[in-house]
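Novice: Next comes the structure file target25.cif, holding mmCIF, C-alpha atoms.
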data_coords
#
loop_
_atom_site.label_atom_id
_atom_site.label_comp_id
_atom_site.auth_asym_id
_atom_site.auth_seq_id
_atom_site.Cartn_x
_atom_site.Cartn_y
_atom_site.Cartn_z
CA MET A 3 -30.38 -1.70 -5.03
CA LEU A 4 -28.37 -3.86 -2.65
CA LEU A 5 -30.56 -6.22 -0.64
CA SER A 6 -29.60 -8.71 2.05
CA ARG A 7 -30.47 -9.88 5.58
CA LYS A 8 -29.48 -8.44 8.95
CA PRO A 9 -27.46 -10.59 11.40
CA ASP A 10 -27.21 -9.88 15.09
CA HIS A 11 -24.13 -8.27 16.64
CA ALA A 12 -22.94 -11.43 18.40
CA ASN A 13 -22.47 -13.24 15.10
CA ARG A 14 -20.56 -10.49 13.30
CA GLU A 15 -17.09 -12.01 13.68
CA GLY A 16 -18.41 -15.48 12.90
CA ARG A 17 -20.01 -14.07 9.78
CA VAL A 18 -16.60 -12.95 8.52
CA GLU A 19 -15.02 -16.30 9.26
CA GLN A 20 -17.79 -18.34 7.66
CA ASP A 21 -17.71 -16.19 4.50
CA ASN A 22 -20.94 -16.48 2.46
CA VAL A 23 -23.33 -14.99 5.04
CA ALA A 24 -25.43 -12.04 3.96
CA VAL A 25 -25.10 -8.60 5.52
CA PRO A 26 -28.00 -6.27 6.15
CA VAL A 27 -28.03 -3.29 3.84
CA LEU A 28 -30.37 -1.47 1.55
CA ALA A 29 -28.51 1.01 -0.64
CA ALA A 30 -28.27 2.13 -4.22
CA ILE A 31 -25.76 0.33 -6.42
CA PRO A 32 -23.03 2.90 -7.21
CA ALA A 33 -22.59 3.92 -10.85
CA PRO A 34 -19.67 6.37 -10.98
CA SER A 35 -19.02 8.29 -14.18
CA GLN A 36 -16.05 7.61 -16.44
CA ARG A 37 -14.81 11.11 -15.61
CA SER A 38 -14.50 10.22 -11.90
CA LEU A 39 -12.97 6.81 -12.57
CA ARG A 40 -10.41 8.25 -14.99
CA GLY A 41 -9.71 11.07 -12.57
CA LEU A 42 -8.90 8.50 -9.88
CA ASP A 43 -6.63 6.62 -12.32
CA TRP A 44 -4.58 9.70 -13.11
CA PHE A 45 -4.60 10.95 -9.51
CA ILE A 46 -2.94 7.70 -8.43
CA PHE A 47 -0.50 7.83 -11.35
CA PHE A 48 0.68 11.38 -10.62
CA LEU A 49 0.66 10.80 -6.85
CA ALA A 50 3.11 7.92 -7.38
CA ASP A 51 5.23 10.34 -9.41
CA VAL A 52 5.20 12.88 -6.58
CA GLN A 53 6.05 10.32 -3.88
CA THR A 54 8.93 8.92 -5.93
CA GLY A 55 10.66 12.29 -5.64
CA PHE A 56 11.42 11.51 -2.01
CA GLY A 57 13.29 8.50 -0.61
CA PRO A 58 16.66 7.70 -2.20
CA PHE A 59 16.81 11.08 -3.94
CA ILE A 60 16.84 12.84 -0.55
CA ALA A 61 20.04 11.10 0.50
CA VAL A 62 21.71 11.87 -2.82
CA TYR A 63 20.68 15.52 -2.72
CA LEU A 64 21.69 16.15 0.88
CA THR A 65 25.04 14.48 0.25
CA THR A 66 25.70 16.99 -2.55
CA GLN A 67 24.85 19.74 -0.05
CA LYS A 68 27.70 18.58 2.22
CA TRP A 69 25.47 16.99 4.84
CA THR A 70 27.05 14.28 6.99
CA GLN A 71 25.69 10.73 6.96
CA VAL A 72 24.63 11.18 10.59
CA GLU A 73 22.52 14.22 9.68
CA ILE A 74 21.00 12.46 6.67
CA GLY A 75 20.23 9.39 8.76
CA PHE A 76 18.58 11.57 11.41
CA VAL A 77 16.29 13.20 8.86
CA LEU A 78 15.34 9.86 7.30
CA SER A 79 14.71 8.38 10.75
CA ILE A 80 12.38 11.24 11.67
CA GLY A 81 10.36 10.61 8.53
CA GLY A 82 10.20 6.88 9.30
CA ILE A 83 9.11 7.41 12.90
CA VAL A 84 6.39 9.90 11.96
CA ALA A 85 5.16 7.58 9.19
CA LEU A 86 4.95 4.70 11.68
CA ILE A 87 3.14 6.45 14.52
CA GLY A 88 0.90 8.39 12.12
CA GLN A 89 -0.78 5.38 10.50
CA MET A 90 -3.71 4.99 12.88
CA PRO A 91 -4.26 8.74 13.42
CA GLY A 92 -4.18 9.17 9.64
CA GLY A 93 -6.87 6.53 9.19
CA ALA A 94 -8.95 8.07 11.97
CA ILE A 95 -8.73 11.47 10.26
CA ILE A 96 -10.07 9.99 7.03
CA ASP A 97 -12.90 8.25 8.91
CA ALA A 98 -13.85 11.58 10.49
CA ALA A 99 -13.56 13.61 7.27
CA LYS A 100 -16.60 14.93 5.46
CA SER A 101 -14.66 15.15 2.19
CA GLU A 102 -11.87 12.71 1.42
CA ARG A 103 -11.05 14.72 -1.69
CA LEU A 104 -10.38 17.83 0.39
CA VAL A 105 -8.10 15.97 2.82
CA ALA A 106 -6.21 14.37 -0.07
CA GLY A 107 -5.86 17.74 -1.80
CA LEU A 108 -4.45 19.39 1.32
CA ALA A 109 -1.99 16.50 1.75
CA ILE A 110 -0.81 16.82 -1.87
CA ALA A 111 -0.36 20.58 -1.48
CA THR A 112 1.65 19.99 1.71
CA ILE A 113 3.93 17.46 -0.01
CA GLY A 114 4.46 19.84 -2.94
CA CYS A 115 5.49 22.60 -0.55
CA CYS A 116 7.86 20.19 1.25
CA ALA A 117 9.55 19.38 -2.07
CA LEU A 118 9.93 23.09 -2.79
CA ALA A 119 11.42 23.62 0.69
CA TYR A 120 14.03 20.92 0.04
CA ALA A 121 15.03 22.62 -3.21
CA ALA A 122 14.97 26.20 -1.95
CA MET A 123 16.54 25.98 1.51
CA PRO A 124 18.41 22.74 2.37
CA ILE A 125 19.28 23.80 5.91
CA PHE A 126 18.73 21.52 8.90
CA PRO A 127 15.58 23.07 10.51
CA VAL A 128 13.79 23.42 7.16
CA VAL A 129 14.64 19.90 6.01
CA VAL A 130 13.56 18.37 9.35
CA ALA A 131 10.25 20.24 9.19
CA ALA A 132 9.74 19.21 5.55
CA ALA A 133 10.50 15.54 6.33
CA THR A 134 8.04 15.59 9.24
CA LEU A 135 5.24 17.23 7.24
CA HIS A 136 5.82 14.95 4.25
CA ALA A 137 5.57 11.82 6.40
CA ALA A 138 2.45 13.13 8.18
CA ALA A 139 0.74 14.00 4.88
CA SER A 140 1.59 10.59 3.45
CA CYS A 141 -0.17 8.92 6.40
CA VAL A 142 -3.55 10.18 5.18
CA LEU A 143 -3.00 9.66 1.45
CA GLY A 144 -3.03 5.85 1.48
CA PRO A 145 -6.30 5.63 3.44
CA ALA A 146 -7.76 8.48 1.36
CA ILE A 147 -7.16 6.64 -1.92
CA ALA A 148 -8.75 3.43 -0.61
CA ALA A 149 -11.65 5.42 0.89
CA ILE A 150 -12.33 7.35 -2.33
CA SER A 151 -12.18 4.08 -4.28
CA LEU A 152 -14.64 2.39 -1.93
CA GLY A 153 -16.89 5.46 -1.98
CA LEU A 154 -16.96 5.46 -5.77
CA VAL A 155 -17.49 1.79 -6.64
CA GLY A 156 -18.85 0.18 -3.45
CA PRO A 157 -17.84 -3.07 -1.72
CA LEU A 158 -18.86 -5.39 -4.56
CA LYS A 159 -16.44 -3.88 -7.09
CA ILE A 160 -13.66 -2.75 -4.79
CA GLY A 161 -11.41 -5.72 -5.65
CA GLU A 162 -11.18 -4.81 -9.34
CA ARG A 163 -10.81 -1.12 -8.48
CA LEU A 164 -7.90 -1.79 -6.13
CA GLY A 165 -6.24 -3.84 -8.85
CA ARG A 166 -6.54 -0.90 -11.21
CA ASN A 167 -5.17 1.42 -8.53
CA ALA A 168 -2.10 -0.79 -8.13
CA ARG A 169 -1.53 -0.80 -11.90
CA PHE A 170 -1.51 3.00 -12.18
CA ALA A 171 0.64 3.37 -9.05
CA SER A 172 3.19 0.98 -10.51
CA LEU A 173 3.22 2.78 -13.85
CA GLY A 174 3.62 6.11 -12.05
CA ASN A 175 6.55 4.82 -10.01
CA GLY A 176 8.33 3.56 -13.11
CA VAL A 177 7.82 6.72 -15.15
CA ALA A 178 8.77 8.99 -12.26
CA ALA A 179 11.97 7.08 -11.51
CA ALA A 180 13.04 7.45 -15.15
CA VAL A 181 12.10 11.14 -15.38
CA MET A 182 13.67 12.14 -12.08
CA GLY A 183 16.77 10.07 -12.64
CA THR A 184 17.23 11.78 -16.02
CA ALA A 185 16.62 15.23 -14.53
CA GLY A 186 19.11 14.56 -11.75
CA TYR A 187 21.72 13.36 -14.24
CA LEU A 188 21.29 16.11 -16.85
CA LEU A 189 20.58 19.03 -14.51
CA SER A 190 21.23 18.55 -10.79
CA SER A 191 19.92 16.60 -7.81
CA ARG A 192 18.05 19.77 -6.76
CA SER A 193 15.95 19.56 -9.95
CA VAL A 194 14.34 16.34 -8.70
CA PHE A 195 12.49 18.29 -6.02
CA LEU A 196 11.48 21.03 -8.43
CA VAL A 197 10.02 18.36 -10.72
CA THR A 198 8.24 16.86 -7.72
CA PHE A 199 6.72 20.24 -6.88
CA LEU A 200 5.55 20.72 -10.47
CA LEU A 201 4.03 17.22 -10.57
CA ALA A 202 1.80 18.15 -7.64
CA ILE A 203 -0.14 20.40 -10.04
CA PRO A 204 -1.43 17.67 -12.42
CA THR A 205 -2.05 15.51 -9.32
CA LEU A 206 -4.44 18.13 -7.94
CA ILE A 207 -6.05 18.58 -11.36
CA ALA A 208 -6.69 14.84 -11.63
CA LEU A 209 -8.16 14.82 -8.10
CA SER A 210 -10.54 17.63 -9.08
CA ARG A 211 -11.88 15.45 -11.90
CA ILE A 212 -13.37 13.07 -9.32
CA ARG A 213 -16.91 14.31 -8.76
CA GLU A 214 -17.60 14.98 -5.09
CA GLU A 215 -21.25 13.91 -5.32
CA GLU A 216 -20.22 10.46 -6.61
CA VAL A 217 -18.00 9.70 -3.62
CA ASP A 218 -20.42 8.32 -1.03
CA ILE A 219 -19.15 9.33 2.42
CA ALA A 220 -20.78 6.41 4.25
CA ARG A 221 -19.15 3.91 1.89
CA CYS A 222 -15.80 5.73 2.22
CA HIS A 223 -15.81 4.98 5.93
CA GLY A 224 -17.03 1.39 5.54
CA GLU A 225 -20.42 2.27 6.99
CA MET A 226 -23.58 0.38 6.19
CA PRO A 227 -27.03 1.99 5.85
CA ARG A 228 -29.29 0.55 8.55
CA GLU A 229 -32.95 0.66 9.43
CA ALA A 230 -31.89 1.02 13.08
CA PRO A 231 -28.52 1.31 14.85
CA VAL A 232 -26.88 -1.96 15.92
CA PRO A 233 -25.13 -1.36 19.26
CA GLY A 234 -21.49 -2.41 19.25
CA ASP A 235 -21.23 -3.04 15.52
CA THR A 236 -19.70 0.41 14.99
CA ASN A 237 -17.66 0.37 18.18
CA ILE A 238 -13.93 0.90 17.62
CA TRP A 239 -12.94 -1.61 20.30
CA HIS A 240 -15.18 -4.23 18.75
CA LEU A 241 -13.38 -3.73 15.44
CA ILE A 242 -9.90 -3.88 16.99
CA ARG A 243 -10.69 -7.11 18.84
CA GLN A 244 -11.81 -8.96 15.71
CA ARG A 245 -9.68 -12.07 15.21
CA PRO A 246 -9.49 -11.73 11.39
CA LEU A 247 -8.06 -8.20 11.70
CA ILE A 248 -5.52 -9.26 14.35
CA VAL A 249 -4.41 -12.32 12.37
CA PHE A 250 -4.16 -10.36 9.14
CA ALA A 251 -2.15 -7.55 10.76
CA LEU A 252 0.25 -10.17 12.17
CA SER A 253 0.58 -11.80 8.73
CA VAL A 254 1.37 -8.43 7.14
CA LEU A 255 4.00 -7.81 9.81
CA LEU A 256 5.59 -11.16 8.89
CA LEU A 257 5.36 -10.24 5.20
CA GLN A 258 7.33 -7.05 5.72
CA LEU A 259 9.72 -8.70 8.16
CA ALA A 260 10.60 -11.19 5.42
CA ASN A 261 10.48 -8.81 2.46
CA ALA A 262 11.89 -5.40 3.38
CA SER A 263 15.54 -6.41 3.73
CA MET A 264 15.68 -8.81 0.77
CA MET A 265 16.32 -6.14 -1.85
CA PRO A 266 19.11 -4.31 0.06
CA LEU A 267 20.84 -7.61 0.85
CA MET A 268 20.52 -8.73 -2.76
CA ALA A 269 21.94 -5.40 -3.98
CA SER A 270 24.96 -5.89 -1.70
CA ALA A 271 25.43 -9.43 -3.01
CA VAL A 272 25.23 -8.27 -6.64
CA THR A 273 27.77 -5.51 -5.99
CA ALA A 274 30.18 -8.02 -4.44
CA ARG A 275 29.85 -10.43 -7.37
CA SER A 276 29.69 -7.97 -10.29
CA SER A 277 30.58 -4.45 -9.24
CA GLN A 278 30.87 -3.18 -12.82
CA TRP A 279 27.25 -3.99 -13.68
CA ALA A 280 25.78 -3.69 -10.19
CA THR A 281 23.90 -0.42 -10.81
CA VAL A 282 22.31 -1.68 -14.02
CA LEU A 283 21.38 -5.05 -12.50
CA VAL A 284 19.82 -3.45 -9.42
CA ALA A 285 17.85 -1.09 -11.67
CA PHE A 286 16.48 -4.07 -13.59
CA CYS A 287 15.64 -5.76 -10.28
CA ILE A 288 13.48 -2.74 -9.44
CA VAL A 289 11.84 -2.40 -12.85
CA VAL A 290 10.90 -6.08 -13.31
CA PRO A 291 8.56 -6.29 -10.26
CA GLN A 292 6.96 -2.94 -11.14
CA ALA A 293 6.18 -4.22 -14.63
CA ILE A 294 4.63 -7.40 -13.23
CA VAL A 295 2.53 -5.42 -10.75
CA ALA A 296 1.21 -3.23 -13.57
CA LEU A 297 0.43 -6.31 -15.63
CA LEU A 298 -1.14 -8.57 -12.98
CA SER A 299 -2.85 -6.30 -10.43
CA PRO A 300 -6.24 -6.02 -12.20
CA THR A 301 -6.29 -9.82 -12.60
CA VAL A 302 -5.57 -10.21 -8.88
CA GLY A 303 -8.56 -8.00 -8.11
CA ARG A 304 -10.87 -10.10 -10.29
CA LYS A 305 -9.57 -13.44 -9.00
CA ALA A 306 -9.96 -12.28 -5.41
CA GLN A 307 -13.70 -12.11 -5.96
CA ALA A 308 -13.86 -15.41 -7.87
CA TRP A 309 -11.48 -17.50 -5.71
CA GLY A 310 -11.62 -15.74 -2.36
CA ARG A 311 -8.83 -13.92 -0.53
CA ARG A 312 -6.90 -16.78 1.10
CA PRO A 313 -5.70 -18.54 -2.10
CA LEU A 314 -4.12 -15.32 -3.35
CA LEU A 315 -2.57 -14.55 0.04
CA LEU A 316 -1.02 -18.02 -0.02
CA ILE A 317 0.37 -17.37 -3.51
CA GLY A 318 1.89 -14.09 -2.34
CA PHE A 319 3.61 -15.64 0.67
CA GLY A 320 4.68 -18.68 -1.35
CA ALA A 321 6.34 -16.48 -3.98
CA LEU A 322 8.18 -14.56 -1.24
CA ALA A 323 9.48 -17.75 0.37
CA ILE A 324 10.67 -19.10 -3.01
CA ARG A 325 12.39 -15.78 -3.73
CA GLY A 326 14.31 -15.97 -0.45
CA VAL A 327 15.47 -19.52 -1.13
CA LEU A 328 16.59 -18.64 -4.67
CA PHE A 329 18.48 -15.56 -3.46
CA ALA A 330 20.31 -17.86 -1.04
CA THR A 331 21.23 -20.45 -3.67
CA VAL A 332 21.59 -18.64 -7.02
CA ARG A 333 25.16 -17.44 -7.58
CA ASP A 334 24.90 -15.87 -11.04
CA PRO A 335 24.14 -12.14 -10.56
CA TYR A 336 22.31 -12.00 -13.89
CA LEU A 337 19.90 -14.75 -12.87
CA LEU A 338 18.97 -12.73 -9.79
CA VAL A 339 17.05 -10.39 -12.11
CA ALA A 340 14.89 -13.35 -13.16
CA VAL A 341 14.32 -14.22 -9.48
CA GLN A 342 12.76 -10.79 -9.04
CA VAL A 343 9.76 -12.06 -11.00
CA PHE A 344 8.64 -13.63 -7.70
CA ASP A 345 8.84 -10.21 -6.06
CA GLY A 346 6.43 -8.98 -8.72
CA PHE A 347 3.94 -11.73 -7.84
CA THR A 348 4.11 -10.91 -4.14
CA ALA A 349 3.81 -7.16 -4.75
CA ALA A 350 0.87 -7.57 -7.14
CA VAL A 351 -1.00 -9.74 -4.63
CA PHE A 352 -0.50 -7.59 -1.56
CA ALA A 353 -0.95 -4.23 -3.29
CA VAL A 354 -4.53 -5.35 -3.87
CA MET A 355 -5.18 -7.71 -0.98
CA ILE A 356 -4.14 -5.52 1.96
CA PRO A 357 -6.83 -2.83 1.47
CA LEU A 358 -9.28 -5.45 0.17
CA VAL A 359 -9.08 -7.73 3.22
CA VAL A 360 -9.25 -4.69 5.51
CA ALA A 361 -12.40 -3.57 3.68
CA ASP A 362 -13.88 -7.05 4.20
CA VAL A 363 -13.13 -7.13 7.91
CA ALA A 364 -14.16 -3.52 8.62
CA PHE A 365 -17.35 -3.72 6.54
CA GLY A 366 -20.23 -2.09 8.41
CA SER A 367 -18.06 -0.70 11.22
CA GLY A 368 -17.65 2.85 9.89
CA HIS A 369 -13.93 2.61 10.73
CA PHE A 370 -12.47 1.21 7.52
CA ASN A 371 -9.65 3.73 7.42
CA LEU A 372 -8.71 3.25 11.07
CA ALA A 373 -8.43 -0.47 10.32
CA GLN A 374 -6.13 0.42 7.41
CA GLY A 375 -4.02 2.40 9.88
CA ILE A 376 -3.74 -0.63 12.18
CA VAL A 377 -2.47 -2.80 9.32
CA GLY A 378 -0.26 0.06 8.14
CA THR A 379 1.35 0.21 11.59
CA ALA A 380 2.05 -3.52 11.38
CA THR A 381 3.61 -2.91 7.97
CA GLY A 382 5.92 -0.22 9.35
CA ILE A 383 6.99 -2.31 12.34
CA GLY A 384 7.78 -5.31 10.15
CA ALA A 385 9.78 -3.25 7.65
CA SER A 386 11.76 -1.50 10.39
CA LEU A 387 12.68 -4.75 12.12
CA SER A 388 13.49 -6.48 8.83
CA THR A 389 16.38 -4.23 7.83
CA ALA A 390 17.98 -4.49 11.27
CA LEU A 391 17.44 -8.26 11.51
CA GLY A 392 18.54 -9.00 7.95
CA GLY A 393 21.66 -6.86 8.26
CA TYR A 394 22.65 -8.42 11.59
CA VAL A 395 22.26 -12.02 10.38
CA SER A 396 24.06 -11.23 7.13
CA ASP A 397 27.04 -9.69 8.95
CA ARG A 398 27.29 -12.56 11.46
CA PHE A 399 26.44 -15.60 9.35
CA GLY A 400 26.51 -14.52 5.69
CA ASN A 401 23.97 -13.58 3.03
CA ALA A 402 22.82 -17.14 2.34
CA THR A 403 21.83 -17.70 5.98
CA ALA A 404 20.03 -14.36 6.04
CA PHE A 405 18.03 -15.21 2.92
CA PHE A 406 17.11 -18.67 4.25
CA GLY A 407 15.97 -17.02 7.48
CA LEU A 408 13.83 -14.50 5.63
CA ALA A 409 12.35 -17.31 3.55
CA GLY A 410 11.50 -19.11 6.79
CA ILE A 411 9.66 -16.03 8.05
CA ALA A 412 7.69 -15.91 4.79
CA ALA A 413 6.84 -19.60 5.22
CA THR A 414 5.59 -18.83 8.73
CA GLY A 415 3.28 -16.19 7.25
CA LEU A 416 2.03 -18.74 4.73
CA LEU A 417 1.21 -21.21 7.52
CA LEU A 418 -0.56 -18.46 9.47
CA ILE A 419 -2.80 -17.75 6.48
CA LEU A 420 -3.34 -21.45 5.80
CA PHE A 421 -4.30 -22.54 9.31
CA VAL A 422 -5.48 -19.45 11.21
CA MET A 423 -6.69 -16.74 8.81
CA PRO A 424 -10.40 -17.05 7.94
CA GLU A 425 -11.76 -16.36 4.47
CA THR A 426 -13.11 -12.80 4.46
CA ARG A 427 -14.75 -12.60 1.02
CA ARG A 428 -18.42 -11.78 1.42
CA ALA A 429 -19.71 -13.92 -1.40
CA GLY A 430 -23.08 -14.17 0.27
CA ILE A 431 -23.95 -10.52 -0.34
CA ALA A 432 -26.82 -10.69 -2.78
CA THR A 433 -27.50 -7.90 -5.20
CA LYS A 434 -30.81 -7.02 -6.69
CA GLU A 435 -31.77 -4.07 -8.80
CA MET A 436 -35.01 -2.56 -7.59
CA ALA A 437 -37.19 -0.06 -9.31
CA GLY A 438 -37.28 3.48 -8.01
#
What is this structure when it is put down as C-alpha cells?
Specialist:
Amino acid sequence: MLLSRKPDHANREGRVEQDNVAVPVLAAIPAPSQRSLRGLDWFIFFLADVQTGFGPFIAVYLTTQKWTQVEIGFVLSIGGIVALIGQMPGGAIIDAAKSERLVAGLAIATIGCCALAYAAMPIFPVVVAAATLHAAASCVLGPAIAAISLGLVGPLKIGERLGRNARFASLGNGVAAAVMGTAGYLLSSRSVFLVTFLLAIPTLIALSRIREEEVDIARCHGEMPREAPVPGDTNIWHLIRQRPLIVFALSVLLLQLANASMMPLMASAVTARSSQWATVLVAFCIVVPQAIVALLSPTVGRKAQAWGRRPLLLIGFGALAIRGVLFATVRDPYLLVAVQVFDGFTAAVFAVMIPLVVADVAFGSGHFNLAQGIVGTATGIGASLSTALGGYVSDRFGNATAFFGLAGIAATGLLLILFVMPETRRAGIATKEMAG
C-alpha cells in the first residue's frame, strides 16, 4: 500500500517547490502483468511506425500527384494548426474518458483510415479531411500513452516507464523510416500510405494486449484517492495557475524555439557545402539522435528519480546550446554528424522529462492530461515560431548568426530552469506494503 500524510490546499504549490513533502494517499501499489507491459511496449513501437508514414512522405506523394507547392503547404498548415489548437482539448478528452484504451484504439483506427484515404483518393477535399482527422487523432494519442503508462505503473515508477516508452518510440521511428523509404523507392510513394494502413493492425493488436483491469482510471487522470474531498485541489484553474507548470511550459516553449529550426538550417548548410553527399549526411544526422534516444532514455528515467528533475533538464538545455554553437562554428559537413550526438542527449532527456514533470506538477489534480495539453500547446507554439525566426535570421544575417541566436535561446531556457524552475520530484512519498 502507499501511505503518506495529507497537506492542506494552501500549501500544495509550496509542496511541489520544496520537493520531499509527503502527499496524502492510501492506495494499492500497482503490479501490472508482463503481458500488459509488453503490450504497451509494442503499442508504442508500432504507433511510431504508423505516425512516421505521415510528415515528409505526404509532400513527396502529393508532388508525384501533380499538386502545387501552395496546395501542399495549405494541407500541411491545416494539420499543424489543428495539432496546435487540439492539444488542450485532446488532454481534456483523455481526462474525461472512462477507457483510455478505447480512445487510443479509435484514434489509431482513424489514422489508419486517413492513410488509406491518401492512397485511394488524393483529391483536395479528401486530403484536407484526412489531414484534419489525422492531426485531431494525434492530439489524443500522446496524452493517452502517458495516461495508460501512469495507470499501469503508478507515480513511483512512471520515470522508468517513460524512459522505456521513449526507447520503443525511437526504435519504431527508425525501423519505419527504413521500411517506408524502401517501399517508396522500390514500389511507389503511394505504397507508403498502404504500409501505414497495414501497420495500424498490429498497433491495435498490441493495444488489446494491455489488460483493461490493470489500467487504473484514477491514476490515468492523475487523481489521488482521498478520505474526503479537498476543495480546490482538483480545480482546473488552480492547476493552470501553478507556478511550476507555467515556468515549465515556458521552458518547453524556449526549447522548441531553439531546437525546431536547427535541423532544417543544418540540412541547408550541408547541402551548400557538400551537395553530392547531402542526402546521406542528413540521413545520418537523423539516425544518430534516434539511436542515442533508444540507448539512453531508460537511464534518464532512472536518474530522474535518483537525481531529481532539474539536473537532467539542465543537461538537456546545455546540450542544445552546445549543439547550436558547434553548428555555427564547425565547417566540415562530416563533423556535423558527430555534433548530432548532442541532439540525441537533448531528445533523450525531454522525451522522458516532459511527461514526467507534468505528472509531478499535476499529481492529485485529476487533470494530468489537460496539463500535458498545456505543455503540448507551448511545444507547438515554440516549434512554429522557430522555423520562421530561424529562416528569417539565416536569410538576413547568415547561418552562423542564426545558430548562435538559437544557442542563446537554449541558454535562456537553461537559466530559467536553473534560477526559476522548482524541483518537482516527490521524493518524500513514502511507500509501505500493508497486509490485506
Novice: Extract, using all atoms listed in the file, all DNA, RNA and protein residues at most 10 Å from A:Ile356, discarding same-chain residues fewer than 3 positions from it, and format them as an MDAnalysis selection string.
Specialist: chainID A and resid 164 250:251 254 311 315 351:353 359:361 374 377:378
Novice: Let me make sure I understand: among A:Leu64, A:Val181, A:Cys141, A:Ala390, which one has the smallest atom-to-atom distance to A:Ala94 if we use all atoms listed in the file?
Specialist: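 Closest candidate: A:Cys141.
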Novice: Can you work out the spacing between atom CA of A:Ile294 and atom CA of A:Ala168 in Å, to one decimal?
Specialist: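 For atom CA of A:Ile294 relative to atom CA of A:Ala168, the distance reads 10.7 Å.
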Novice: Please write as a PyMOL selection string the list of polymer residues whose atoms come within 9 Å of (-2.7, 15.7, -12.9), counting all atoms listed in the file and keeping to the coordinates of the file.
Specialist: chain A and resi 41+44-45+47-49+201-210
Novice: Do you know which residues are at most 12 Å from A:Leu118 counting only C-alpha atoms, after dropping those on the same chain fewer than 5 positions away, and could you put them as a ChimeraX atom specification?
Specialist: /A:52,55-56,111-113,123-124,128-129,132-133,136,192-202
